[in-house]
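Trainee: This is the content of start_17.cif (mmCIF, C-alpha atoms):
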data_input
#
loop_
_atom_site.label_atom_id
_atom_site.label_comp_id
_atom_site.auth_asym_id
_atom_site.auth_seq_id
_atom_site.Cartn_x
_atom_site.Cartn_y
_atom_site.Cartn_z
CA TYR C 1 -23.70 10.37 -6.85
CA PRO C 2 -24.23 8.64 -4.49
CA ALA C 3 -20.58 8.16 -3.64
CA SER C 4 -19.09 4.70 -4.07
CA PRO C 5 -18.89 2.53 -0.94
CA PHE C 6 -15.38 1.69 -2.14
CA GLY C 7 -14.41 5.27 -1.27
CA THR C 8 -11.33 6.72 -2.94
CA LEU C 9 -10.33 3.26 -4.10
CA SER C 10 -12.93 3.72 -6.82
CA HIS C 11 -12.90 6.35 -9.55
CA ALA C 12 -14.97 7.99 -12.26
CA GLY C 13 -13.62 8.14 -15.79
CA PRO C 14 -14.70 7.95 -19.42
CA MET C 15 -14.52 5.05 -21.84
CA THR C 16 -14.16 6.39 -25.38
CA THR C 17 -12.89 5.55 -28.86
CA THR C 18 -10.57 8.57 -29.29
CA ILE C 19 -8.36 10.68 -27.06
CA THR C 20 -10.26 13.78 -28.12
CA ASP C 21 -13.50 12.27 -26.83
CA THR C 22 -11.72 11.38 -23.60
CA ALA C 23 -10.69 15.00 -23.11
CA LEU C 24 -14.22 16.20 -23.81
CA LEU C 25 -15.71 13.82 -21.27
CA LEU C 26 -13.09 14.72 -18.66
CA ASP C 27 -14.08 18.36 -19.07
CA ILE C 28 -17.53 17.33 -17.85
CA LEU C 29 -16.46 14.84 -15.16
CA ALA C 30 -13.92 17.20 -13.61
CA GLN C 31 -16.51 19.85 -12.77
CA PRO C 32 -17.08 20.28 -9.01
CA ASP C 33 -20.01 18.80 -7.13
CA ALA C 34 -20.89 20.22 -3.72
CA ARG C 35 -21.88 16.74 -2.50
CA ASP C 36 -18.29 15.51 -2.98
CA TRP C 37 -16.30 16.15 0.20
CA SER C 38 -13.01 15.40 -1.61
CA VAL C 39 -13.71 17.65 -4.61
CA LEU C 40 -10.76 19.39 -6.23
CA ALA C 41 -10.72 22.88 -7.70
CA PRO C 42 -12.06 22.81 -11.25
CA PRO C 43 -9.36 22.61 -13.93
CA THR C 44 -8.28 25.77 -15.68
CA GLY C 45 -9.30 25.63 -19.32
CA SER C 46 -10.14 22.47 -21.22
CA PHE C 47 -8.35 19.14 -21.34
CA LEU C 48 -8.47 19.64 -25.10
CA ASP C 49 -5.92 22.43 -24.68
CA HIS C 50 -3.19 19.92 -23.83
CA LEU C 51 -3.64 17.40 -26.62
CA GLY C 52 -1.18 18.92 -29.08
CA GLY C 53 1.76 19.20 -26.70
CA GLY C 54 3.53 16.06 -27.88
CA VAL C 55 6.01 14.08 -25.81
CA THR C 56 9.32 15.70 -26.74
CA GLY C 57 11.46 15.88 -23.63
CA LEU C 58 9.15 13.82 -21.42
CA ARG C 59 10.90 11.29 -19.19
CA ILE C 60 9.15 7.95 -19.64
CA ALA C 61 9.84 4.74 -17.71
CA VAL C 62 8.85 1.33 -19.08
CA SER C 63 8.20 -1.60 -16.74
CA THR C 64 7.10 -5.11 -17.60
CA ASP C 65 6.54 -6.23 -14.01
CA LEU C 66 6.56 -3.15 -11.70
CA GLY C 67 9.48 -4.77 -9.92
CA PHE C 68 7.60 -7.64 -8.27
CA GLY C 69 8.05 -10.28 -10.94
CA THR C 70 4.65 -10.49 -12.63
CA PRO C 71 4.88 -12.99 -15.52
CA VAL C 72 3.89 -11.31 -18.80
CA ASP C 73 2.90 -13.05 -22.01
CA PRO C 74 5.79 -12.62 -24.52
CA GLN C 75 3.50 -11.14 -27.18
CA ILE C 76 2.28 -8.51 -24.70
CA ALA C 77 5.83 -7.70 -23.61
CA HIS C 78 6.80 -7.29 -27.28
CA ALA C 79 3.88 -4.92 -27.89
CA LEU C 80 4.88 -2.86 -24.83
CA ASN C 81 8.45 -2.50 -26.05
CA ASP C 82 7.21 -1.60 -29.52
CA ALA C 83 5.05 1.15 -28.02
CA ALA C 84 8.03 2.39 -26.01
CA ARG C 85 10.04 2.70 -29.23
CA THR C 86 7.25 4.80 -30.71
CA PHE C 87 7.46 7.24 -27.79
CA HIS C 88 11.24 7.35 -28.22
CA ASP C 89 10.84 8.14 -31.91
CA LEU C 90 8.41 10.92 -30.96
CA GLY C 91 11.11 12.61 -28.89
CA ALA C 92 10.65 11.29 -25.36
CA HIS C 93 13.48 10.06 -23.14
CA VAL C 94 12.53 6.40 -22.64
CA GLU C 95 14.21 3.80 -20.45
CA HIS C 96 13.32 0.60 -18.64
CA ALA C 97 12.88 1.27 -14.93
CA ASP C 98 10.83 -0.35 -12.18
CA PRO C 99 9.31 1.65 -9.33
CA GLY C 100 10.46 -1.11 -6.98
CA ILE C 101 7.15 -1.64 -5.24
CA THR C 102 5.90 -4.85 -3.67
CA ASP C 103 2.62 -6.39 -4.77
CA PRO C 104 -0.10 -4.86 -2.54
CA ILE C 105 -2.67 -7.50 -3.45
CA GLU C 106 -3.53 -8.62 0.10
CA ASP C 107 -4.02 -5.06 1.33
CA PHE C 108 -6.02 -4.22 -1.78
CA HIS C 109 -8.24 -7.20 -1.01
CA VAL C 110 -8.94 -5.87 2.47
CA LEU C 111 -9.96 -2.47 1.11
CA TRP C 112 -11.89 -3.76 -1.90
CA PHE C 113 -13.63 -6.69 -0.24
CA ALA C 114 -14.69 -4.48 2.69
CA GLY C 115 -16.12 -2.04 0.15
CA ALA C 116 -17.99 -4.86 -1.58
CA ALA C 117 -19.48 -5.95 1.73
CA LYS C 118 -20.64 -2.38 2.37
CA ALA C 119 -22.08 -2.08 -1.15
CA THR C 120 -24.27 -5.15 -0.67
CA GLU C 121 -25.24 -4.80 2.99
CA HIS C 122 -28.79 -3.74 2.07
CA LEU C 123 -29.55 -6.93 0.11
CA THR C 124 -31.92 -9.59 1.39
CA ASP C 125 -30.83 -13.22 1.58
CA ALA C 126 -32.88 -13.94 -1.53
CA GLN C 127 -31.15 -11.14 -3.42
CA ARG C 128 -27.74 -12.38 -2.29
CA GLU C 129 -28.51 -15.72 -3.90
CA LEU C 130 -28.63 -13.88 -7.23
CA LEU C 131 -25.15 -12.40 -6.91
CA ASP C 132 -22.26 -13.63 -9.02
CA PRO C 133 -20.65 -16.39 -6.88
CA GLY C 134 -17.28 -14.66 -6.89
CA LEU C 135 -18.80 -11.38 -5.72
CA ALA C 136 -20.81 -13.13 -3.02
CA GLU C 137 -17.63 -14.79 -1.75
CA ILE C 138 -15.63 -11.57 -1.48
CA CYS C 139 -18.57 -9.87 0.26
CA ARG C 140 -18.55 -12.59 2.91
CA GLN C 141 -14.80 -12.23 3.29
CA GLY C 142 -15.13 -8.44 3.54
CA LEU C 143 -17.28 -8.83 6.64
CA THR C 144 -14.47 -10.65 8.47
CA TYR C 145 -11.98 -7.76 8.52
CA SER C 146 -11.41 -5.67 11.61
CA ALA C 147 -10.85 -1.93 11.82
CA GLN C 148 -7.19 -2.72 12.51
CA ASP C 149 -6.99 -4.76 9.29
CA TYR C 150 -8.45 -1.83 7.37
CA LEU C 151 -6.03 0.66 8.93
CA GLU C 152 -3.05 -1.59 8.20
CA ALA C 153 -4.13 -1.79 4.57
CA THR C 154 -4.52 1.98 4.50
CA ASN C 155 -0.99 2.30 5.86
CA THR C 156 0.30 0.11 3.03
CA ARG C 157 -1.60 2.32 0.62
CA MET C 158 0.07 5.46 1.96
CA LYS C 159 3.54 3.91 1.69
CA LEU C 160 2.80 2.82 -1.87
CA GLY C 161 1.75 6.36 -2.73
CA GLN C 162 4.93 7.75 -1.21
CA ARG C 163 7.05 5.34 -3.23
CA MET C 164 5.31 6.24 -6.47
CA GLY C 165 5.57 9.94 -5.65
CA ALA C 166 9.35 9.56 -5.34
CA PHE C 167 9.49 7.55 -8.57
CA HIS C 168 7.73 10.31 -10.46
CA GLN C 169 10.34 12.80 -9.37
CA GLN C 170 12.45 11.06 -12.00
CA TYR C 171 9.81 10.12 -14.57
CA ASP C 172 6.86 12.00 -15.98
CA LEU C 173 5.11 8.82 -17.10
CA LEU C 174 5.23 5.08 -16.55
CA LEU C 175 4.31 2.55 -19.25
CA THR C 176 3.15 -0.97 -18.40
CA PRO C 177 0.92 -3.59 -19.98
CA THR C 178 -2.71 -3.05 -19.04
CA VAL C 179 -3.00 -6.76 -18.24
CA PRO C 180 -0.25 -9.39 -18.50
CA ILE C 181 -2.26 -12.08 -20.33
CA PRO C 182 -4.41 -12.22 -23.46
CA ALA C 183 -8.19 -12.18 -23.10
CA PHE C 184 -9.63 -15.46 -21.80
CA THR C 185 -13.04 -17.11 -22.01
CA ALA C 186 -15.93 -14.76 -21.29
CA GLY C 187 -17.99 -15.38 -18.17
CA ARG C 188 -15.03 -16.41 -16.01
CA GLU C 189 -13.55 -14.39 -13.16
CA SER C 190 -10.09 -15.75 -13.94
CA PRO C 191 -8.56 -18.18 -16.43
CA THR C 192 -7.61 -20.43 -13.50
CA ASP C 193 -10.31 -21.92 -11.29
CA GLY C 194 -10.31 -20.53 -7.77
CA ASP C 195 -8.33 -17.38 -8.56
CA ARG C 196 -9.66 -13.89 -7.96
CA TRP C 197 -9.68 -11.31 -10.77
CA THR C 198 -6.77 -9.56 -9.07
CA THR C 199 -4.44 -12.36 -10.20
CA TRP C 200 -4.60 -11.01 -13.76
CA THR C 201 -4.82 -7.26 -12.98
CA PRO C 202 -1.53 -6.61 -11.12
CA PHE C 203 -0.78 -3.52 -13.22
CA THR C 204 -4.01 -1.69 -12.46
CA TYR C 205 -5.15 -2.08 -8.84
CA PRO C 206 -1.93 -0.58 -7.36
CA PHE C 207 -2.85 2.72 -9.00
CA ASN C 208 -6.37 2.62 -7.63
CA MET C 209 -4.62 2.56 -4.28
CA THR C 210 -2.34 5.51 -5.08
CA GLN C 211 -5.11 7.48 -6.85
CA GLN C 212 -2.90 8.04 -9.87
CA PRO C 213 -4.50 8.69 -13.26
CA ALA C 214 -3.96 6.00 -15.88
CA ALA C 215 -5.15 5.37 -19.42
CA SER C 216 -5.41 2.08 -21.26
CA ILE C 217 -4.94 2.39 -25.02
CA PRO C 218 -4.68 -0.33 -27.69
CA CYS C 219 -1.13 -1.07 -28.82
CA GLY C 220 -1.45 -4.18 -30.97
CA HIS C 221 -2.87 -7.68 -31.19
CA THR C 222 -1.79 -11.19 -30.32
CA ASP C 223 -1.23 -13.77 -33.05
CA ASP C 224 -4.83 -14.84 -32.42
CA GLY C 225 -6.10 -11.32 -33.08
CA LEU C 226 -6.84 -10.46 -29.45
CA PRO C 227 -6.27 -6.82 -28.44
CA ILE C 228 -3.30 -5.78 -26.31
CA GLY C 229 -3.51 -2.77 -24.00
CA LEU C 230 -0.82 -0.25 -23.12
CA GLN C 231 -1.24 1.47 -19.75
CA ILE C 232 0.08 5.03 -19.35
CA ILE C 233 0.40 6.17 -15.72
CA ALA C 234 1.17 9.65 -14.42
CA PRO C 235 1.59 11.28 -11.00
CA ARG C 236 -1.55 12.34 -9.16
CA HIS C 237 -3.49 15.10 -10.92
CA ALA C 238 -1.37 14.87 -14.09
CA ASP C 239 -4.25 13.68 -16.25
CA ALA C 240 -3.37 16.24 -18.92
CA THR C 241 0.10 14.73 -19.34
CA ILE C 242 -1.45 11.33 -20.02
CA LEU C 243 -3.83 12.79 -22.59
CA ARG C 244 -0.94 14.59 -24.26
CA ALA C 245 1.09 11.38 -24.52
CA ALA C 246 -1.84 9.20 -25.55
CA HIS C 247 -2.84 11.67 -28.26
CA ALA C 248 0.71 11.72 -29.64
CA TYR C 249 0.70 7.93 -29.72
CA GLU C 250 -2.72 7.86 -31.35
CA GLN C 251 -1.51 10.21 -34.08
CA ALA C 252 1.63 8.13 -34.66
CA ARG C 253 -0.37 4.89 -34.69
CA PRO C 254 -3.64 5.97 -36.34
CA TRP C 255 -5.29 2.58 -35.92
CA THR C 256 -5.21 3.16 -32.15
CA ARG C 257 -8.43 3.82 -30.28
CA THR C 258 -8.55 4.47 -26.56
CA THR C 259 -10.43 3.68 -23.39
CA THR C 260 -9.41 5.82 -20.43
CA PRO C 261 -10.60 4.48 -17.09
CA LYS C 262 -9.28 6.97 -14.55
CA GLN C 263 -9.35 10.61 -13.63
CA THR C 264 -8.06 11.98 -10.32
#
Rewrite the structure of this file - the entire thing - as structure tokens.
Mentor:
Amino acid sequence: YPASPFGTLSHAGPMTTTITDTALLLDILAQPDARDWSVLAPPTGSFLDHLGGGVTGLRIAVSTDLGFGTPVDPQIAHALNDAARTFHDLGAHVEHADPGITDPIEDFHVLWFAGAAKATEHLTDAQRELLDPGLAEICRQGLTYSAQDYLEATNTRMKLGQRMGAFHQQYDLLLTPTVPIPAFTAGRESPTDGDRWTTWTPFTYPFNMTQQPAASIPCGHTDDGLPIGLQIIAPRHADATILRAAHAYEQARPWTRTTTPKQT
């Protein structure tokens, strides 16, 4: 508190080094707050209770591009497929399947940039001069959108959520890369001049829009020793299923440590 000006496009979630720590932190974060108008009923029991369930029988889809053709570095694609084989060996039903969504980047920009403009509306001109140039630019762009633009983007968001809801009637979980490229030079918004950060996060912002829980866990390294992330996505409110799967993977690959960014 106070609530994010990005509304339900934003989220609160722990960043930890083990799945057990993630569950412990979620036990705290999931408690109700009377100031939160969208608060859910508190969970029954502890997220720790679900960690030992394993993945036997879970239906898991694997997608390297979500169906809209995102180019993925071959080393990252290899690590994703290797992780998928681990889940198969642990007893899950694993197959390659795309949810068949279209890239919602432009509508996400409307929602996110408008939120950024709201978040910085209290700043003086002198303070705005101190903003990161990329942030200052999207704040200016956020001020140009109309209410109709925002509602159209919200409509796209609802359709995206409906599509993913239907997809998860067939699959308990969806595996994707966390990002499609290896880490690039620090201090840059994007590896390519002029690009927004959304050009290299196509696997994550769609699920901010749908409010689905997702975890990013390490699943290997590039030839240069850079870490590769595996993203595990579940239907809304199925955080416990993600923890169960991530814990099973962590136990099978004991070098794995986790950072879990989302909780619905």
Trainee: Report, in Å with one decimal, the straight-line distance from CA of Pro202 in chain C to CA of Leu40 in chain C.
Mentor: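 Answer for the CA of Pro202 in chain C to CA of Leu40 in chain C separation: 28.0 Å.
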Trainee: Step by step, work through what the PyMOL selection byres ((chain C and resi 83-89) around 8) selects in the shown file, and finish by giving those residues as a list of chain:residue names.
Mentor: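 Evaluating the PyMOL selection byres ((chain C and resi 83-89) around 8) on this file yields C:Val55, C:Val62, C:Ala79, C:Leu80, C:Asn81, C:Asp82, C:Leu90, C:Gly91, C:Ala92, C:His93, C:Val94, C:Leu175, C:Cys219, C:Leu230, C:Tyr249, C:Ala252.
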Trainee: Rounded to one decimal place, report the CA of Arg244 in chain C-CA of Ala215 in chain C distance in Å.
Mentor: 11.2 Å
Trainee: Please write as a ChimeraX atom specification the full residue list that the PyMOL selection byres ((chain C and resi 115-129) around 9) yields on this file.
Mentor: /C:4-7,9,110-114,130-133,135-136,138-143
Trainee: Which residues of range 134-245 of chain C come within 9 Å of range 10-19 of chain C, and what is each one's closest atom pair and distance in Å (one decimal), counting all atoms listed in the file, sorted by chain and residue number, as JSON lines?
Mentor:
{"residue": "C:Asn208", "atom": "CA", "partner": "C:Ser10", "partner_atom": "CA", "distance": 6.7}
{"residue": "C:Met209", "atom": "CA", "partner": "C:Ser10", "partner_atom": "CA", "distance": 8.8}
{"residue": "C:Gln211", "atom": "CA", "partner": "C:His11", "partner_atom": "CA", "distance": 8.3}
{"residue": "C:Leu243", "atom": "CA", "partner": "C:Ile19", "partner_atom": "CA", "distance": 6.7}
{"residue": "C:Arg244", "atom": "CA", "partner": "C:Ile19", "partner_atom": "CA", "distance": 8.8}
Trainee: Would you compute the distance between CA of Leu173 in chain C and CA of Ile233 in chain C? Give it in Å to one decimal.
Mentor: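 CA of Leu173 in chain C sits 5.6 Å away from CA of Ile233 in chain C.
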Trainee: Which is closest to Asp21 in chain C among C:Gln148, C:Phe167, C:Arg196, C:Leu48, if we use all atoms listed in the file?
Mentor: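 Smallest separation from Asp21 in chain C among the options: C:Leu48.
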Trainee: Which residues, named as in the file, does the PyMOL selection byres ((chain C and resi 26-33) around 9) pick out? Answer as a list in words.
Mentor: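 Evaluating the PyMOL selection byres ((chain C and resi 26-33) around 9) on these coordinates yields Ala12, Gly13, Pro14, Asp21, Thr22, Ala23, Leu24, Leu25, Ala34, Arg35, Asp36, Trp37, Val39, Leu40, Ala41, Pro42, Pro43, Gly45, Ser46, Phe47, Leu48, Gln263 and Thr264 of chain C.
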Trainee: Could you list, as a PyMOL selection string, every residue within 9 Å of Ala238 in chain C, counting only C-alpha atoms and ignoring same-chain residues fewer than 3 positions away?
Mentor: chain C and resi 172+212-213+234-235+241-242+264
Trainee: Taking every listed atom of range 169-188 of chain C and adding 6 Å to each side, what centre and edge lengths in Å (one decimal) does the axis-aligned box have, as AutoDock Vina command-line options?
Mentor:
--center_x -2.8 --center_y -2.2 --center_z -16.4 --size_x 42.4 --size_y 41.9 --size_z 26.1
Trainee: My list of candidates is C:Ser216, C:Gly134, C:Arg253, C:Pro177. Which is closest to Gly194 in chain C when distances are computed with only C-alpha atoms?
Mentor: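 Of C:Ser216, C:Gly134, C:Arg253, C:Pro177, the one nearest Gly194 in chain C is C:Gly134, counting only C-alpha atoms.
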